[in-house]
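Novice: Contents are compact mmCIF, C-alpha atoms; file name run_22.txt:
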```txt
# COMPACT_ATOMS: atom_id res chain seq x y z
CA MET A 1 -10.08 23.14 -10.82
CA CYS A 2 -10.42 23.75 -7.11
CA ARG A 3 -10.93 20.48 -5.28
CA ILE A 4 -12.44 20.31 -1.84
CA VAL A 5 -11.89 17.03 -0.04
CA VAL A 6 -14.55 15.79 2.33
CA ARG A 7 -13.33 15.66 5.93
CA ALA A 8 -15.00 14.37 9.05
CA ILE A 9 -16.24 17.73 10.33
CA LEU A 10 -19.57 19.03 11.51
CA ALA A 11 -22.39 17.54 9.48
CA ASP A 12 -24.33 20.82 9.40
CA VAL A 13 -21.54 22.45 7.36
CA ALA A 14 -22.52 21.93 3.75
CA LEU A 15 -22.16 23.22 0.23
CA VAL A 16 -25.55 23.36 -1.46
CA LEU A 17 -25.96 23.01 -5.23
CA ARG A 18 -29.21 24.55 -6.38
CA PHE A 19 -30.71 23.02 -9.53
CA GLY A 20 -33.06 24.98 -11.75
CA PRO A 21 -34.94 24.50 -15.03
CA GLY A 22 -32.74 22.76 -17.58
CA ASP A 23 -30.03 21.63 -15.14
CA GLU A 24 -31.20 18.01 -15.03
CA GLY A 25 -30.95 17.75 -18.82
CA ARG A 26 -27.42 19.18 -18.70
CA CYS A 27 -26.05 16.66 -16.20
CA ARG A 28 -23.43 14.50 -17.89
CA PHE A 29 -20.56 12.16 -17.05
CA ALA A 30 -16.81 12.29 -17.62
CA VAL A 31 -13.62 10.43 -16.74
CA SER A 32 -10.08 11.71 -16.39
CA PRO A 33 -6.99 9.48 -16.69
CA LEU A 34 -4.90 12.36 -15.36
CA GLN A 35 -7.16 12.77 -12.34
CA GLU A 36 -6.59 9.10 -11.51
CA THR A 37 -2.84 9.61 -11.95
CA MET A 38 -2.71 12.60 -9.64
CA SER A 39 -4.92 10.85 -7.08
CA ALA A 40 -2.59 7.84 -7.21
CA LEU A 41 0.31 10.14 -6.36
CA LEU A 42 -1.65 11.43 -3.36
CA VAL A 43 -2.00 7.84 -2.18
CA LEU A 44 1.78 7.43 -2.46
CA GLN A 45 2.29 10.58 -0.39
CA SER A 46 0.53 9.03 2.61
CA PRO A 47 0.45 5.24 2.17
CA SER A 48 -0.29 4.59 5.86
CA ARG A 49 -3.58 6.47 5.50
CA HIS A 50 -4.67 4.42 2.51
CA ALA A 51 -4.79 0.77 3.59
CA TRP A 52 -7.51 0.31 0.96
CA TYR A 53 -4.81 0.49 -1.72
CA LEU A 54 -2.28 -1.90 -0.17
CA PRO A 55 -2.37 -4.43 -3.06
CA TRP A 56 -1.57 -1.64 -5.52
CA LEU A 57 1.05 -0.09 -3.23
CA ARG A 58 2.84 -3.43 -3.06
CA ASP A 59 2.65 -3.89 -6.83
CA VAL A 60 4.21 -0.49 -7.66
CA GLN A 61 7.09 -0.60 -5.20
CA HIS A 62 9.46 -2.03 -7.81
CA VAL A 63 8.91 0.89 -10.21
CA LEU A 64 9.14 3.75 -7.73
CA ALA A 65 12.92 3.70 -7.29
CA GLY A 66 13.52 4.49 -10.95
CA LEU A 67 10.68 6.99 -11.31
CA ASP A 68 11.89 10.61 -11.43
CA LEU A 69 8.95 12.80 -10.38
CA GLY A 70 10.87 15.40 -8.41
CA LEU A 71 9.18 18.60 -9.59
CA LEU A 72 5.74 16.99 -9.73
CA GLY A 73 6.21 15.76 -6.17
CA ALA A 74 7.03 19.30 -5.07
CA ALA A 75 3.93 20.58 -6.87
CA MET A 76 1.52 18.12 -5.23
CA PRO A 77 -1.09 19.54 -2.86
CA ALA A 78 0.15 20.91 0.44
CA ARG A 79 -2.22 21.77 3.29
CA GLY A 80 -5.10 20.58 1.15
CA HIS A 81 -4.39 22.78 -1.87
CA GLY A 82 -2.28 22.55 -5.01
CA PRO A 83 -1.89 24.22 -8.43
CA ASP A 84 -5.27 23.93 -10.14
CA PHE A 85 -3.84 23.72 -13.66
CA LEU A 86 -2.40 20.27 -12.88
CA TRP A 87 -5.95 18.94 -12.33
CA PRO A 88 -7.87 19.89 -15.53
CA SER A 89 -11.63 19.47 -15.38
CA PRO A 90 -12.81 16.30 -17.17
CA THR A 91 -15.34 16.98 -19.89
CA SER A 92 -16.09 13.66 -21.60
CA PRO A 93 -16.48 9.94 -20.85
CA LEU A 94 -14.04 9.32 -23.72
CA THR A 95 -11.20 11.51 -22.43
CA THR A 96 -7.71 10.10 -23.03
CA ILE A 97 -4.52 10.85 -21.14
CA GLU A 98 -3.30 12.87 -24.13
CA ASP A 99 -6.48 15.00 -23.97
CA ASP A 100 -5.80 15.71 -20.31
CA LEU A 101 -2.11 16.44 -20.79
CA ALA A 102 -2.91 18.75 -23.70
CA GLN A 103 -5.06 20.83 -21.35
CA VAL A 104 -2.19 21.16 -18.89
CA GLN A 105 0.26 21.94 -21.72
CA ALA A 106 -2.05 24.70 -22.97
CA THR A 107 -2.07 26.55 -19.63
CA ALA A 108 -0.93 30.14 -20.11
CA PRO A 109 2.52 30.88 -18.59
CA ASP A 110 1.14 33.68 -16.39
CA ILE A 111 -1.37 31.27 -14.83
CA VAL A 112 1.34 28.67 -14.29
CA ALA A 113 3.59 31.26 -12.65
CA ALA A 114 0.85 32.60 -10.37
CA GLU A 115 -0.37 29.18 -9.23
CA LEU A 116 3.12 27.80 -8.63
CA ALA A 117 4.11 30.92 -6.69
CA GLU A 118 1.01 30.59 -4.51
CA HIS A 119 1.74 26.91 -4.02
CA ALA A 120 5.37 27.59 -3.04
CA GLN A 121 4.17 29.76 -0.17
CA ARG A 122 2.33 26.76 1.30
CA LEU A 123 5.36 24.48 1.21
CA ASP A 124 7.59 23.65 4.15
CA ARG A 125 11.00 24.65 2.81
CA ARG A 126 12.64 22.01 5.00
CA THR A 127 10.93 19.21 3.06
CA VAL A 128 11.60 20.48 -0.49
CA HIS A 129 15.00 20.40 -2.17
CA ALA A 130 16.25 23.91 -2.94
CA ASP A 131 16.62 23.18 -6.67
CA LEU A 132 13.00 22.00 -6.91
CA TYR A 133 11.76 25.03 -4.98
CA ASP A 134 13.67 27.34 -7.33
CA ALA A 135 12.27 25.48 -10.36
CA LEU A 136 8.72 26.11 -9.12
CA LEU A 137 9.46 29.84 -9.09
CA GLY A 138 11.60 29.94 -12.24
CA ASP A 139 10.67 29.89 -15.93
CA PRO A 140 6.95 28.97 -15.98
CA VAL A 141 7.15 27.45 -19.47
CA ALA A 142 10.02 25.17 -18.47
CA ALA A 143 8.23 24.25 -15.24
CA ARG A 144 4.98 23.50 -17.07
CA ASP A 145 6.73 21.33 -19.68
CA THR A 146 8.62 19.38 -17.01
CA LEU A 147 5.44 18.83 -15.01
CA VAL A 148 3.59 17.54 -18.08
CA GLU A 149 6.39 15.10 -18.85
CA GLN A 150 6.46 13.85 -15.27
CA GLN A 151 2.67 13.46 -15.26
CA ARG A 152 3.03 11.29 -18.36
CA ARG A 153 5.70 9.17 -16.64
CA ALA A 154 3.52 8.75 -13.57
CA TRP A 155 0.58 7.69 -15.73
CA GLN A 156 2.62 5.10 -17.60
CA ALA A 157 4.24 3.61 -14.51
CA LEU A 158 1.45 3.76 -11.95
CA VAL A 159 -1.89 3.67 -13.74
CA VAL A 160 -1.48 2.08 -17.18
CA PRO A 161 -1.10 -1.48 -15.81
CA LEU A 162 -4.52 -1.09 -14.15
CA TRP A 163 -6.19 1.21 -16.63
CA ASP A 164 -8.03 -1.24 -18.85
CA ARG A 165 -9.78 -2.86 -15.90
CA MET A 166 -10.26 0.48 -14.14
CA ARG A 167 -11.71 2.07 -17.26
CA GLY A 168 -14.16 -0.80 -17.61
CA MET A 169 -15.37 -0.23 -14.07
CA LEU A 170 -15.63 3.53 -14.58
CA ASP A 171 -17.70 2.90 -17.71
CA ALA A 172 -19.89 0.46 -15.79
CA ASP A 173 -20.51 3.11 -13.12
CA ILE A 174 -21.47 5.69 -15.73
CA THR A 175 -23.81 3.26 -17.47
CA ALA A 176 -25.54 2.36 -14.19
CA ARG A 177 -25.92 5.95 -13.01
CA ALA A 178 -27.07 7.23 -16.40
CA ARG A 179 -29.81 4.60 -16.26
CA ARG A 180 -30.80 5.79 -12.78
CA LEU A 181 -30.93 9.38 -14.02
CA ALA A 182 -33.14 8.35 -16.95
CA ASP A 183 -35.45 6.24 -14.78
CA GLY A 184 -35.61 8.27 -11.58
CA GLY A 185 -34.40 11.76 -12.40
CA LEU A 186 -32.01 13.58 -10.09
CA ALA A 187 -33.46 11.89 -7.01
CA GLY A 188 -32.58 8.50 -8.49
CA LEU A 189 -29.14 9.65 -9.60
CA PHE A 190 -28.11 10.96 -6.19
CA ALA A 191 -29.83 8.28 -4.08
CA ASP A 192 -26.60 6.38 -3.33
CA LEU A 193 -23.91 8.54 -4.90
CA HIS A 194 -22.16 9.22 -1.59
CA ARG A 195 -23.20 9.26 2.05
CA ARG A 196 -22.44 12.99 2.20
CA ALA A 197 -24.50 13.85 -0.89
CA VAL A 198 -28.19 14.32 -0.06
CA TRP A 199 -30.85 15.31 -2.61
CA GLN A 200 -33.81 17.31 -1.29
CA ASP A 201 -36.26 19.79 -2.80
CA GLY A 202 -34.27 20.67 -5.90
CA THR A 203 -30.92 20.95 -4.12
CA LEU A 204 -27.93 18.68 -3.61
CA ARG A 205 -26.50 19.12 -0.14
CA LEU A 206 -22.82 18.13 0.17
CA THR A 207 -22.11 17.87 3.87
CA GLY A 208 -18.62 18.29 5.25
CA LEU A 209 -17.67 20.90 2.67
CA ARG A 210 -17.39 24.62 3.26
CA ARG A 211 -20.70 26.35 3.85
CA GLY A 212 -22.17 28.03 0.78
CA THR A 213 -24.65 27.87 -2.08
CA VAL A 214 -23.95 27.43 -5.77
CA ASP A 215 -26.74 28.20 -8.23
CA LEU A 216 -26.11 26.08 -11.34
CA ARG A 217 -28.09 28.51 -13.53
CA GLY A 218 -28.60 26.06 -16.38
CA ARG A 219 -24.95 24.93 -16.46
CA GLY A 220 -25.86 21.48 -15.22
CA LEU A 221 -23.31 19.30 -13.46
CA ILE A 222 -20.47 17.04 -14.64
CA LEU A 223 -20.20 13.83 -12.63
CA ALA A 224 -16.79 12.13 -12.64
CA PRO A 225 -16.42 8.70 -10.99
CA THR A 226 -12.98 7.92 -9.61
CA ALA A 227 -11.09 4.85 -8.43
CA PHE A 228 -8.02 6.36 -6.74
CA GLY A 229 -10.09 9.17 -5.23
CA TRP A 230 -12.00 6.80 -2.93
CA PRO A 231 -13.53 7.53 -0.41
CA ALA A 232 -13.52 11.31 -0.93
CA LEU A 233 -16.07 13.55 -2.55
CA GLY A 234 -14.80 16.62 -4.37
CA ILE A 235 -16.24 19.49 -6.39
CA GLY A 236 -15.06 22.52 -8.28
CA PRO A 237 -15.26 25.24 -9.30
CA THR A 238 -17.57 26.38 -6.51
CA ASP A 239 -17.54 30.12 -7.15
CA ASP A 240 -21.20 31.01 -7.69
CA ALA A 241 -20.12 33.57 -10.29
CA ALA A 242 -18.10 31.03 -12.31
CA VAL A 243 -19.20 30.23 -15.84
CA ALA A 244 -17.59 26.79 -15.96
CA THR A 245 -19.72 23.76 -15.19
CA PRO A 246 -18.92 22.36 -11.73
CA VAL A 247 -17.43 18.87 -11.65
CA LEU A 248 -18.51 16.52 -8.87
CA THR A 249 -15.97 13.74 -8.28
CA TYR A 250 -17.24 10.69 -6.41
CA PRO A 251 -16.07 7.09 -5.71
CA MET A 252 -17.08 4.70 -8.48
CA LEU A 253 -19.41 1.78 -7.84
CA GLY A 254 -17.71 -1.46 -6.78
CA ALA A 255 -14.33 0.19 -6.23
CA ALA A 256 -13.26 -2.67 -3.95
CA ARG A 257 -13.31 -5.08 -6.91
CA LEU A 258 -10.38 -3.26 -8.49
CA TRP A 259 -8.02 -4.31 -5.70
CA GLU A 260 -9.40 -7.77 -5.01
CA PRO A 261 -7.68 -10.89 -6.38
CA VAL A 262 -9.60 -12.38 -9.28
CA ALA A 263 -11.58 -15.43 -8.17
CA ARG A 264 -10.72 -18.52 -10.19
CA SER A 265 -11.84 -22.12 -10.02
CA ALA A 266 -9.72 -25.11 -10.94
CA ALA A 267 -12.88 -26.97 -11.94
CA ILE A 268 -13.91 -24.21 -14.34
CA GLY A 269 -10.39 -24.28 -15.72
CA ARG A 270 -10.80 -27.96 -16.50
CA LEU A 271 -14.23 -27.33 -18.03
CA LEU A 272 -13.35 -24.37 -20.26
CA GLY A 273 -9.62 -24.77 -20.57
CA ALA A 274 -7.13 -22.82 -18.45
CA GLY A 275 -6.64 -19.93 -20.87
CA ARG A 276 -10.34 -19.45 -21.58
CA ALA A 277 -11.21 -19.58 -17.87
CA LEU A 278 -8.51 -16.98 -17.19
CA VAL A 279 -9.93 -14.65 -19.85
CA LEU A 280 -13.44 -15.09 -18.43
CA ALA A 281 -12.18 -14.27 -14.92
CA GLU A 282 -10.57 -11.04 -16.13
CA THR A 283 -13.81 -9.81 -17.74
CA SER A 284 -15.35 -9.09 -14.33
CA ALA A 285 -14.80 -5.49 -15.47
CA ALA A 286 -15.41 -4.47 -19.08
CA SER A 287 -12.12 -4.85 -20.97
CA THR A 288 -10.68 -4.65 -24.45
CA THR A 289 -8.98 -7.54 -26.21
CA THR A 290 -5.63 -5.75 -25.96
CA GLY A 291 -6.04 -5.04 -22.27
CA LEU A 292 -7.02 -8.62 -21.55
CA ALA A 293 -4.08 -9.94 -23.53
CA ARG A 294 -1.70 -7.77 -21.52
CA ARG A 295 -3.13 -8.90 -18.19
CA VAL A 296 -3.35 -12.63 -18.92
CA GLU A 297 -0.07 -12.66 -20.88
CA LEU A 298 -1.54 -14.32 -23.95
CA ALA A 299 -1.36 -13.23 -27.59
CA PRO A 300 -4.20 -10.87 -28.62
CA ALA A 301 -5.24 -13.33 -31.37
CA THR A 302 -5.56 -16.11 -28.77
CA VAL A 303 -7.59 -13.89 -26.44
CA SER A 304 -9.83 -12.92 -29.36
CA GLN A 305 -10.53 -16.59 -30.10
CA HIS A 306 -11.37 -17.25 -26.45
CA LEU A 307 -13.71 -14.25 -26.36
CA THR A 308 -15.52 -15.44 -29.48
CA VAL A 309 -16.24 -18.81 -27.87
CA LEU A 310 -17.25 -17.23 -24.55
CA ARG A 311 -19.58 -14.81 -26.31
CA GLU A 312 -21.22 -17.59 -28.35
CA ALA A 313 -21.77 -19.48 -25.09
CA GLY A 314 -23.46 -16.48 -23.49
CA LEU A 315 -20.73 -16.00 -20.88
CA VAL A 316 -19.56 -12.57 -22.02
CA THR A 317 -21.13 -9.65 -23.86
CA ALA A 318 -19.51 -7.21 -26.29
CA ARG A 319 -20.33 -3.53 -26.66
CA ARG A 320 -18.64 -0.76 -28.58
CA ARG A 321 -17.06 2.30 -26.96
CA GLY A 322 -15.80 4.61 -29.68
CA ARG A 323 -13.34 2.55 -31.71
CA GLU A 324 -12.96 -0.08 -29.00
CA VAL A 325 -15.00 -3.17 -28.17
CA LEU A 326 -15.45 -3.96 -24.49
CA TYR A 327 -16.07 -7.49 -23.24
CA GLU A 328 -17.73 -8.17 -19.89
CA GLN A 329 -19.08 -11.17 -18.01
CA THR A 330 -22.79 -11.87 -18.25
CA PRO A 331 -24.63 -12.90 -15.07
CA LEU A 332 -24.34 -16.48 -16.34
CA GLY A 333 -20.57 -16.13 -16.80
CA ALA A 334 -20.14 -14.63 -13.33
CA ALA A 335 -22.25 -17.37 -11.73
CA LEU A 336 -20.32 -20.09 -13.52
CA LEU A 337 -16.96 -18.60 -12.63
CA HIS A 338 -17.74 -18.14 -8.97
CA SER A 339 -19.29 -21.54 -8.38
CA GLY A 340 -16.69 -22.96 -6.03
CA ALA A 341 -14.08 -20.35 -7.00
CA THR A 342 -11.24 -19.43 -4.69
CA PRO A 343 -9.36 -16.11 -4.83
CA SER A 344 -5.93 -16.38 -6.39
CA ARG A 345 -3.31 -14.10 -7.88
CA THR A 346 -1.54 -16.98 -9.59
CA THR A 347 -1.84 -17.25 -13.35
CA LEU A 348 -3.42 -20.49 -14.45
CA PRO A 349 -0.98 -22.87 -16.15
```
What's the structure tokens form of this structure?

Specialist:
Amino acid sequence: MCRIVVRAILADVALVLRFGPGDEGRCRFAVSPLQETMSALLVLQSPSRHAWYLPWLRDVQHVLAGLDLGLLGAAMPARGHGPDFLWPSPTSPLTTIEDDLAQVQATAPDIVAAELAEHAQRLDRRTVHADLYDALLGDPVAARDTLVEQQRRAWQALVVPLWDRMRGMLDADITARARRLADGGLAGLFADLHRRAVWQDGTLRLTGLRRGTVDLRGRGLILAPTAFGWPALGIGPTDDAAVATPVLTYPMLGAARLWEPVARSAAIGRLLGAGRALVLAETSAASTTTGLARRVELAPATVSQHLTVLREAGLVTARRRGREVLYEQTPLGAALLHSGATPSRTTLP
């Protein structure tokens, strides 16, 4: 999928999406674990430009030395462009990393060869090891398989530790924006999506992108919130003759919360018990029992017991997502937790 990153250029340069009959009803949401993984790698490429992610950058330093991503690093975007097959279009809010990787694995060898050859022409040969450059232009099946394996490694090392909390926040964004679409139509949906996305008279004007017009022609639009993609806005494919549904990638609501220390109060710890207060603090974003257990370093059975008590007290809610159950603070739980809370990264005793 071609991705166009918003840059600070003339505001009158815009890509215009033209909505017609049926397009509103075909707008839907999706997430992509692989998109977050690839965006995380872009952050690592230029850490000085991404001060927003400093807490995460500090946390992953210890894993980077042993992480072999040589070919994937060589295949990352250069001069604003990279091989499209490494960024499959998200299609569902329930997409897993294996779904994404399966799309990459299924890419035809001729497409892999063509896109890697085009990408190699954009590279500065002085910055890419000769063996990696040759691998990009060698056997496309071997290159594709190596890239998929390295994408999986990057996902496991860089994103998995954050994914449960991140996924809860992505789900919360989708829930909020789906409600706005239902209540206020497309005008409500796009009202605060991004400062460069302006809805007017049946069109969505995306300023800062290349000039052009895309007629959706009943295809609708896929909206994909992102955490690691902040603060950019991206869309693709943008060929007006394309049959695929365009995907609009935008920063998720409350992205700053993902990198902030969790606020905890010693008094609430004494009231609820240290472990229960810790579980409540970590439900600021919708989370599963397993994810919570991993983050608070307690047994899943213990976390489940804490969640039962918190739910009975009206401090958390539970909702089902596929086969999973997500737990999230209620307004009462958030108010209780933050009454006199102080930010801390230290696990409660």

Novice: Would you mind reading off the distance between CA of Leu94 in chain A and CA of Gly322 in chain A, one decimal, in Å?

Specialist: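 Computed distance, CA of Leu94 in chain A to CA of Gly322 in chain A, equals 7.8 Å.
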
Novice: Excluding same-chain residues fewer than 4 positions from Thr245 in chain A, what lies within 12 Å of it counting all atoms listed in the file, as a list of chain:residue names?

Specialist: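 Close residues of Thr245 in chain A: A:Met1, A:Leu17, A:Asp23, A:Arg26, A:Cys27, A:Arg28, A:Phe29, A:Ser89, A:Pro90, A:Thr91, A:Val214, A:Asp215, A:Leu216, A:Arg217, A:Gly218, A:Arg219, A:Gly220, A:Leu221, A:Ile222, A:Leu223, A:Ile235, A:Gly236, A:Pro237, A:Thr238, A:Asp239, A:Asp240, A:Ala241.
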
Novice: Just checking: using only C-alpha atoms, which residue out of A:Val279, A:Leu332, A:Ala14, A:Leu170 ends up closest to Leu307 in chain A?

Specialist: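 The shortest atom-to-atom distance to Leu307 in chain A comes from A:Val279.
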
Novice: Restricting the calculation to only C-alpha atoms: of A:Leu193, A:Leu116, A:Val296, A:Tyr327, which residue gets closest to Arg311 in chain A?

Specialist: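 That would be A:Tyr327, the residue with the smallest distance to Arg311 in chain A.
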
Novice: Find the distance between CA of Ser32 in chain A and CA of Thr95 in chain A and write it in Å to one decimal.

Specialist: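 About the pair CA of Ser32 in chain A and CA of Thr95 in chain A: they are 6.1 Å apart.
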
Novice: Kindly indicate which residue among A:Ala117, A:Met169, A:Ile174, A:Leu123 lies nearest to Leu326 in chain A, using all atoms listed in the file for the distances.

Specialist: A:Met169

Novice: Quick one: distance from CA of Ala285 in chain A to CA of Glu328 in chain A in Å, one decimal?

Specialist: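 Between CA of Ala285 in chain A and CA of Glu328 in chain A the gap is 5.9 Å.
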
Novice: Got a sec to check which residues sit within 12 Å of (-9.6, -13.8, -18.7), counting only C-alpha atoms, and write them as a PyMOL selection string?

Specialist: chain A and resi 165+262-264+269+272-298+300+302-307+310+315-316+327-329+333-334+337+347-348

Novice: Give me the residues within 9 Å of range 99-114 of chain A as a ChimeraX atom specification, counting all atoms listed in the file and dropping any in the same chain fewer than 5 places off.

Specialist: /A:32-35,83,85-90,119,136-141,143-145,147-149,151-152

Novice: Could you write out that same residue set with C-alpha atoms as a CSV table (one decimal), in the frame of the given file?

Specialist:
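This is the output file selection.csv:
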```
chain,number,residue,atom,x,y,z
A,32,SER,CA,-10.1,11.7,-16.4
A,33,PRO,CA,-7.0,9.5,-16.7
A,34,LEU,CA,-4.9,12.4,-15.4
A,35,GLN,CA,-7.2,12.8,-12.3
A,83,PRO,CA,-1.9,24.2,-8.4
A,85,PHE,CA,-3.8,23.7,-13.7
A,86,LEU,CA,-2.4,20.3,-12.9
A,87,TRP,CA,-6.0,18.9,-12.3
A,88,PRO,CA,-7.9,19.9,-15.5
A,89,SER,CA,-11.6,19.5,-15.4
A,90,PRO,CA,-12.8,16.3,-17.2
A,119,HIS,CA,1.7,26.9,-4.0
A,136,LEU,CA,8.7,26.1,-9.1
A,137,LEU,CA,9.5,29.8,-9.1
A,138,GLY,CA,11.6,29.9,-12.2
A,139,ASP,CA,10.7,29.9,-15.9
A,140,PRO,CA,7.0,29.0,-16.0
A,141,VAL,CA,7.2,27.4,-19.5
A,143,ALA,CA,8.2,24.2,-15.2
A,144,ARG,CA,5.0,23.5,-17.1
A,145,ASP,CA,6.7,21.3,-19.7
A,147,LEU,CA,5.4,18.8,-15.0
A,148,VAL,CA,3.6,17.5,-18.1
A,149,GLU,CA,6.4,15.1,-18.8
A,151,GLN,CA,2.7,13.5,-15.3
A,152,ARG,CA,3.0,11.3,-18.4
```

Novice: Hey, which of A:Ala227, A:Ala142, A:Leu15, A:Ala74 ends up closest to Gly168 in chain A? Count only C-alpha atoms.

Specialist: A:Ala227
